[in-house]
Amino acid sequence: MEHRHSSPGADQGLRNHSPGGTPHGNHAVSSAADEHTVHTHGQHAGHSVAMFRDRFWLSLALAVPVVFFSPMFAELLGYAPPAFPGSAWIPPVFGTAIYLYGGRPFLQGGLNELKTRKPGMMLLIAMAISVAFIASWVTSLGIGGFDLDFWWELALLVPIMLLGHWIETRALGSAQGALDALAALLPDEAERVTTAGTETVSLAELRAGDTILVRPGGRMPADGTVSGGQAEFDESMITGESKTVLRAPGDPVVAGTIATDNSVRVRVSAIGEDTALAGIRRLVAEAQASSSRAQALADRAAAFLFYFAAGTGVLTFIFWTLMGSLGDAVTRTVTVLVIACPHALGLAIPLVIAISTERAARAGVLIKNRMALERMRTVDVVLFDKTGTLTRGEPELKEVAAADAGTTGQDAAQNTVLALAAAVEADSEHPLARSIVAAARERGLKLPTADGFTSLTGRGVRATVDGRTVQVGGPALLRELGLQEPPDLAATTGAWLERGAAVLHVVDGGRVLGAVSLEDAVRPESRQAVRALQARGIKVAMVTGDARQVAHAVAAELGIDEVFAEVLPADKDKKVAELQGRGLKVAMVGDGVNDSPALARAEVGIAIGGGTDVAVESAGVVLAGNDPRAVLSMLDLSRASYRKMWQNLVWATGYNVISVPLAAGVLAFAGIVLSPAAGAVMMSASTIVVALNAQLLRRLKLNPAAVS
């Protein structure tokens with residue numbers, strides 16, 4: 001059924017939610033995020049979440065006996081570990097396994113940072129565990145008479161660092177998920193038309209110039225031009241906007257769209273990487289690559305600590321050697337290098353992110369990318385997609401007008417018009433038809449019996465009601481019937497069309513009885529979200545493929561600061577870049593495939609959870625529901641978590657800045673020397689402080705319904 005009866009903007013303003021609009025089910029899209037390999041160029045390049053997870057659990061299991069049988073740890077707690085033949089070798093043997101297996105990612109990462117001359121967290125960890133490993137073996141073998149038993153410290157350090165990196169890597173997400181979701185929009189096979197009929201072929205066998213048959217509910221496997229038949233196409237997964245669009249001979253169709261009601265023949269013009277869908281896929285990949293180069297705050301702190309610890313270690317060794325105490329030089333240098341390892345620093349950000357993620361999830365916000373959480377607080381403008389985000393993406397009956405109220409009164413006349421329209425539309429599955437029927441039932445109207453339902457492609461529908469032929473359709477129907485609206489009705493429907501509403505006329509024989517208007521319903525929550533963002537000093541913009549009158553009507557209703565209307569699918573990405581070119585940091589909120597490049601390009605991409613898989617995969621943040629006020633929860637959480645990150649970083653770094661000089665013996669003249677055991681205890685205490693501080697985030701209340 002076709003209702004091409006309103007302005008072009010209205011045609012684009014109402015999204016079709018037909019069953020055919022769902023992604024093809026035969027393509028498996030990876031949802032096992034834990035198995036994703038991180039492809040960024042940072043410290044986790046080539047490391048999978050599963051790798052960190054597996055090494056953490058095994059290293060933790062090995063650490064238990066190491067810590068329990070460690071003489072230094074036993075002395076600290078005042079207990080005597082059980083002694084039996086070989087018990088003294090449990091810490092060295094298990095500790096070595098932890099170092100070689102659990103510590104391998106850090107040793108490899110540290111070597112890479114050393115080669116690139118960019119020291120960071122990995123090199124700092126590698127240095128500390130290597131020094132602890134060597135010093136502990138020297139002590140275990142009785143070489144030099146040193147008391148540098150750091151096996152228990154090594155056994156705790158490696159699992160803690162693995163845990164931090166496991167949490168961190170999970171938060172990074174994977175760009176590949178978005179590309180997999182894009183590929184899943186295409187069917188596996190196509191029906192190619194031959195002289196003998198049709199044949200089923202794989203997509204790899206299709207060639208430009210082939211003619212294919214697309215059946216009702218079928219998805220386009222390639223770009224092309226309709227050569228036979230006509231059908232309503234659901235293009236929402238590509239355009240992200242509106243209802244179905246009629247495609248007749250000569251009209252272009254693109255890969256990924258769905259023929260909802262009729263079979264059509266299409267002459268293929270582009271396949272594979274030449275399709276519009278592939279172009280969007282390339283935009284996603286490019287945008288995600290451009291937004292993945294930011295470095296974590298902890299890496300910068302780790303680089304500083306590496307130089308600080310290494311420099312202090314060298315000076316410590318030189319000073320105490322010159323003082324004639326080689327034993328003190330070795331002991332204090334080793335202590336400096338071991339306690340410089342960032343227990344607290346390694347967990348400072350991952351712990352905050354883990355708790356923030358949990359708090360966000362309770363508020364209906366899924367944090368997929370840690371950088372999105374960090375960046376949200378810096379956002380200057382939130383760019384909302386209109387349809388399905390600020391609006392419901394579904395048509396809603398707004399008004400009814402009767403051409404002649406007669407003696408029954410305006411309300412009764414309007415109810416008659418609506419009841420007739422609903423009776424005719426009752427057998428239709430079109431979104432506009434469903435909205436009309438639903439509105440009539442909500443008003444408690446009794447619908448007359450209709451039969452002989454007929455769809456008038458491109459014009460409207462027709463049925464027989466109580467022996468009369470009643471038709472419902474737009475301007476095209478009136479033109480075909482040679483009818484004119486009465487002046488009063490024309491003035492009313494003209495105002496509807498100016499604001500972008502879809503207008504359907506109800507015709508009884510040769511007389512126009514009245515009309516109904518349908519519009520994409522604005523979410524009540526959108527008004528609160530816009531006001532609250534503006535109250536926080538953040539500009540609100542809207543982007544849509546709809547006509548300008550539609551876009552500006554919605555913007556005026558919501559009080560939006562800036563509007564981008566009639567934007568082609570690929571140009572949403574450019575609008576984000578345009579805002580960024582003005583020096584603004586952008587958060588993009590959307591739900592369609594065409595939104596995915598913009599979601600990936602923006603500093604923060606926020607996908608509506610009810611949107612397409614690819615939009616969800618491309619975003620750093622996913623709203624589990626359709627409430628735009630959840631963006632405020634994300635903003636408040638970002639600001640709170642950023643404060644906690646800095647507090648933890650200052651504490652963790654400050655601990656090292658103070659403890660490292662003490663371990664080096666700068667106050668030895670006053671009788672104050674930080675022993676290896678005391679340094680290790682202080683390091684563990686620092687980690688506890690950081691963990692407790694992160695827990696305070698749980699007091700943050702995130703309730704989208706209570707935004708102000």
# chains A, B, ... in the order shown; residues from 1 in each chain; ligands from 1

call {"tool": "select_by_dssp", "arguments": {"residues": "region 341-460 of chain A", "states": "strand (DSSP E)", "output": "PyMOL selection string"}}
result
chain A and resi 365-367+381-385+391-402+450-456+460

call {"tool": "closest_residue", "arguments": {"among": "A:Val379, A:Trp651, A:Val666, A:Leu599", "to": "Ala685 (chain A)", "atoms": "only C-alpha atoms"}}
result
A:Trp651

call {"tool": "atom_distance", "arguments": {"atom1": "CA of Met122 (chain A)", "atom2": "CA of Phe106 (chain A)"}}
result
5.1 Å

call {"tool": "atom_distance", "arguments": {"atom1": "CA of Leu489 (chain A)", "atom2": "CA of Gly474 (chain A)"}}
result
13.5 Å

call {"tool": "residues_around", "arguments": {"residues": "Ala555 (chain A)", "least_positions_apart": "6", "cutoff": "10 Å", "atoms": "only C-alpha atoms", "output": "VMD selection string"}}
result
chain A and resid 386 390 540 to 542 549 561 to 563

call {"tool": "write_last_selection", "arguments": {"atoms": "N, CA, C and O atoms", "output": "PDB file, in the first residue's frame"}}
result
ATOM      1  N   LYS A 386      17.033  13.056  14.225  1.00  0.00           N
ATOM      2  CA  LYS A 386      15.638  13.337  14.569  1.00  0.00           C
ATOM      3  C   LYS A 386      14.800  12.076  14.724  1.00  0.00           C
ATOM      4  O   LYS A 386      14.315  11.753  15.801  1.00  0.00           O
ATOM      5  N   LEU A 390      14.844  11.877  18.741  1.00  0.00           N
ATOM      6  CA  LEU A 390      14.018  12.921  19.358  1.00  0.00           C
ATOM      7  C   LEU A 390      12.541  12.654  19.140  1.00  0.00           C
ATOM      8  O   LEU A 390      11.690  13.096  19.913  1.00  0.00           O
ATOM      9  N   VAL A 540      22.540  22.291  21.620  1.00  0.00           N
ATOM     10  CA  VAL A 540      21.812  21.143  21.078  1.00  0.00           C
ATOM     11  C   VAL A 540      21.539  21.383  19.595  1.00  0.00           C
ATOM     12  O   VAL A 540      20.994  22.425  19.215  1.00  0.00           O
ATOM     13  N   ALA A 541      21.934  20.422  18.756  1.00  0.00           N
ATOM     14  CA  ALA A 541      21.712  20.500  17.314  1.00  0.00           C
ATOM     15  C   ALA A 541      20.957  19.259  16.860  1.00  0.00           C
ATOM     16  O   ALA A 541      20.929  18.243  17.561  1.00  0.00           O
ATOM     17  N   MET A 542      20.352  19.327  15.686  1.00  0.00           N
ATOM     18  CA  MET A 542      19.586  18.202  15.151  1.00  0.00           C
ATOM     19  C   MET A 542      19.937  18.016  13.680  1.00  0.00           C
ATOM     20  O   MET A 542      20.097  18.989  12.944  1.00  0.00           O
ATOM     21  N   GLN A 549      10.946  22.175   6.297  1.00  0.00           N
ATOM     22  CA  GLN A 549       9.788  22.569   7.094  1.00  0.00           C
ATOM     23  C   GLN A 549       9.503  21.558   8.197  1.00  0.00           C
ATOM     24  O   GLN A 549       9.056  21.915   9.293  1.00  0.00           O
ATOM     25  N   ASP A 561      18.927  24.486  19.118  1.00  0.00           N
ATOM     26  CA  ASP A 561      19.749  25.632  18.734  1.00  0.00           C
ATOM     27  C   ASP A 561      20.094  25.671  17.243  1.00  0.00           C
ATOM     28  O   ASP A 561      20.133  26.739  16.644  1.00  0.00           O
ATOM     29  N   GLU A 562      20.382  24.520  16.643  1.00  0.00           N
ATOM     30  CA  GLU A 562      20.827  24.500  15.245  1.00  0.00           C
ATOM     31  C   GLU A 562      20.265  23.273  14.552  1.00  0.00           C
ATOM     32  O   GLU A 562      20.203  22.194  15.142  1.00  0.00           O
ATOM     33  N   VAL A 563      19.873  23.449  13.274  1.00  0.00           N
ATOM     34  CA  VAL A 563      19.225  22.373  12.529  1.00  0.00           C
ATOM     35  C   VAL A 563      19.967  22.131  11.219  1.00  0.00           C
ATOM     36  O   VAL A 563      20.292  23.082  10.494  1.00  0.00           O
TER      37      VAL A 563
END

call {"tool": "atom_distance", "arguments": {"atom1": "CA of Phe146 (chain A)", "atom2": "CA of Thr312 (chain A)"}}
result
20.6 Å

call {"tool": "closest_residue", "arguments": {"among": "A:Phe564, A:Phe317, A:Trp89, A:Trp496", "to": "Val334 (chain A)", "atoms": "only C-alpha atoms"}}
result
A:Phe317

call {"tool": "residues_around", "arguments": {"residues": "Thr544 (chain A)", "least_positions_apart": "2", "cutoff": "8 Å", "atoms": "only C-alpha atoms", "output": "list of chain:residue names"}}
result
A:Glu241, A:Asp385, A:Lys386, A:Thr387, A:Met542, A:Asp546, A:Ala551, A:Phe564, A:Ala565, A:Glu566, A:Val567

call {"tool": "write_last_selection", "arguments": {"atoms": "N, CA, C and O atoms", "output": "mmCIF file, in the first residue's frame"}}
result
data_model
loop_
_atom_site.group_PDB
_atom_site.id
_atom_site.type_symbol
_atom_site.label_atom_id
_atom_site.label_comp_id
_atom_site.auth_asym_id
_atom_site.auth_seq_id
_atom_site.Cartn_x
_atom_site.Cartn_y
_atom_site.Cartn_z
ATOM 1 N N GLU A 241 15.565 7.354 7.940
ATOM 2 C CA GLU A 241 14.423 8.250 8.016
ATOM 3 C C GLU A 241 13.173 7.620 7.410
ATOM 4 O O GLU A 241 13.238 6.847 6.456
ATOM 5 N N ASP A 385 20.116 12.854 15.962
ATOM 6 C CA ASP A 385 19.336 12.465 14.802
ATOM 7 C C ASP A 385 17.870 12.662 15.189
ATOM 8 O O ASP A 385 17.500 12.470 16.345
ATOM 9 N N LYS A 386 17.033 13.056 14.225
ATOM 10 C CA LYS A 386 15.638 13.337 14.569
ATOM 11 C C LYS A 386 14.800 12.076 14.724
ATOM 12 O O LYS A 386 14.315 11.753 15.801
ATOM 13 N N THR A 387 14.635 11.367 13.608
ATOM 14 C CA THR A 387 13.669 10.275 13.584
ATOM 15 C C THR A 387 14.142 9.083 14.415
ATOM 16 O O THR A 387 15.235 8.565 14.200
ATOM 17 N N MET A 542 20.352 19.327 15.686
ATOM 18 C CA MET A 542 19.586 18.202 15.151
ATOM 19 C C MET A 542 19.937 18.016 13.680
ATOM 20 O O MET A 542 20.097 18.989 12.944
ATOM 21 N N ASP A 546 14.953 14.807 6.594
ATOM 22 C CA ASP A 546 13.635 15.365 6.317
ATOM 23 C C ASP A 546 13.732 16.747 5.667
ATOM 24 O O ASP A 546 14.759 17.431 5.759
ATOM 25 N N ALA A 551 11.848 19.599 9.655
ATOM 26 C CA ALA A 551 12.928 19.723 10.636
ATOM 27 C C ALA A 551 12.745 20.952 11.512
ATOM 28 O O ALA A 551 12.887 20.901 12.743
ATOM 29 N N PHE A 564 20.224 20.853 10.919
ATOM 30 C CA PHE A 564 20.741 20.444 9.612
ATOM 31 C C PHE A 564 19.650 19.596 8.967
ATOM 32 O O PHE A 564 19.385 18.478 9.421
ATOM 33 N N ALA A 565 19.008 20.108 7.935
ATOM 34 C CA ALA A 565 17.901 19.404 7.290
ATOM 35 C C ALA A 565 18.289 18.948 5.894
ATOM 36 O O ALA A 565 19.267 19.429 5.316
ATOM 37 N N GLU A 566 17.500 18.007 5.356
ATOM 38 C CA GLU A 566 17.703 17.472 4.010
ATOM 39 C C GLU A 566 19.138 16.975 3.821
ATOM 40 O O GLU A 566 19.776 17.197 2.792
ATOM 41 N N VAL A 567 19.641 16.297 4.848
ATOM 42 C CA VAL A 567 21.017 15.800 4.834
ATOM 43 C C VAL A 567 21.034 14.392 4.253
ATOM 44 O O VAL A 567 20.332 13.497 4.735
#

call {"tool": "closest_residue", "arguments": {"among": "A:Leu373, A:Val417, A:Val49, A:Ala222", "to": "Ala360 (chain A)", "atoms": "only C-alpha atoms"}}
result
A:Leu373

call {"tool": "select_by_dssp", "arguments": {"residues": "region 44-148 of chain A", "states": "helix (DSSP H, G or I)", "output": "ChimeraX atom specification"}}
result
/A:49-69,71-77,87-102,104-115,121-140

call {"tool": "residues_around", "arguments": {"residues": "region 319-329 of chain A", "least_positions_apart": "4", "cutoff": "12 Å", "atoms": "only C-alpha atoms", "output": "JSON, numbers by chain"}}
result
{"A": [143, 144, 145, 146, 147, 148, 312, 313, 314, 315, 333, 334, 335, 336, 663, 664, 665, 666, 668, 673, 674, 675, 676]}

call {"tool": "residues_around", "arguments": {"residues": "Phe133 (chain A)", "least_positions_apart": "3", "cutoff": "9 Å", "atoms": "only C-alpha atoms", "output": "list in words"}}
result
Pro92, Gly95, Thr96, Tyr99, Ala128, Ile129, Ser130, Ser136, Trp137, Val138, Phe150, Trp151 and Leu154 of chain A

call {"tool": "residues_around", "arguments": {"residues": "Pro249 (chain A)", "least_positions_apart": "2", "cutoff": "12 Å", "atoms": "only C-alpha atoms", "output": "JSON, numbers by chain"}}
result
{"A": [224, 225, 226, 227, 228, 229, 230, 231, 246, 247, 251, 252, 253, 264, 265, 266, 267]}

call {"tool": "write_last_selection", "arguments": {"atoms": "C-alpha atoms", "output": "tab-separated table (two decimals), in the first residue's frame"}}
result
chain	number	residue	atom	x	y	z
A	224	GLY	CA	20.63	-1.06	-9.21
A	225	THR	CA	17.69	0.43	-11.09
A	226	VAL	CA	14.14	-0.94	-11.12
A	227	SER	CA	13.46	-2.38	-14.59
A	228	GLY	CA	10.11	-4.05	-13.99
A	229	GLY	CA	7.27	-3.70	-11.48
A	230	GLN	CA	7.03	-1.29	-8.59
A	231	ALA	CA	7.17	-1.74	-4.85
A	246	LEU	CA	7.71	3.82	-3.85
A	247	ARG	CA	10.26	2.65	-6.39
A	251	ASP	CA	14.13	4.52	-9.96
A	252	PRO	CA	17.39	3.64	-8.19
A	253	VAL	CA	17.50	1.14	-5.33
A	264	VAL	CA	10.37	-6.10	-8.71
A	265	ARG	CA	13.05	-6.72	-11.28
A	266	VAL	CA	16.23	-4.73	-10.83
A	267	ARG	CA	19.12	-4.19	-13.23

call {"tool": "closest_atom_pairs", "arguments": {"of": "region 443-512 of chain A", "to": "region 398-412 of chain A", "cutoff": "8 Å", "atoms": "only C-alpha atoms", "output": "JSON lines"}}
result
{"residue": "A:Pro486", "atom": "CA", "partner": "A:Ala403", "partner_atom": "CA", "distance": 6.5}
{"residue": "A:Asp488", "atom": "CA", "partner": "A:Ala403", "partner_atom": "CA", "distance": 7.2}
{"residue": "A:Leu489", "atom": "CA", "partner": "A:Ala403", "partner_atom": "CA", "distance": 5.5}
{"residue": "A:Thr492", "atom": "CA", "partner": "A:Ala401", "partner_atom": "CA", "distance": 7.6}
{"residue": "A:Val512", "atom": "CA", "partner": "A:Ala403", "partner_atom": "CA", "distance": 7.0}

call {"tool": "write_last_selection", "arguments": {"atoms": "N, CA and C atoms", "output": "PDB file, in the first residue's frame"}}
result
ATOM      1  N   PRO A 486     -12.694  21.608  -0.460  1.00  0.00           N
ATOM      2  CA  PRO A 486     -13.412  22.840  -0.128  1.00  0.00           C
ATOM      3  C   PRO A 486     -12.434  23.857   0.444  1.00  0.00           C
ATOM      4  N   ASP A 488     -12.277  25.913   2.995  1.00  0.00           N
ATOM      5  CA  ASP A 488     -11.960  25.864   4.431  1.00  0.00           C
ATOM      6  C   ASP A 488     -11.062  24.674   4.750  1.00  0.00           C
ATOM      7  N   LEU A 489     -11.375  23.542   4.125  1.00  0.00           N
ATOM      8  CA  LEU A 489     -10.554  22.352   4.365  1.00  0.00           C
ATOM      9  C   LEU A 489      -9.169  22.531   3.776  1.00  0.00           C
ATOM     10  N   THR A 492      -6.945  24.425   6.054  1.00  0.00           N
ATOM     11  CA  THR A 492      -6.492  23.609   7.189  1.00  0.00           C
ATOM     12  C   THR A 492      -5.388  22.646   6.770  1.00  0.00           C
ATOM     13  N   VAL A 512     -15.280  15.136  -1.136  1.00  0.00           N
ATOM     14  CA  VAL A 512     -14.238  15.102  -0.109  1.00  0.00           C
ATOM     15  C   VAL A 512     -14.892  15.387   1.237  1.00  0.00           C
TER      16      VAL A 512
END
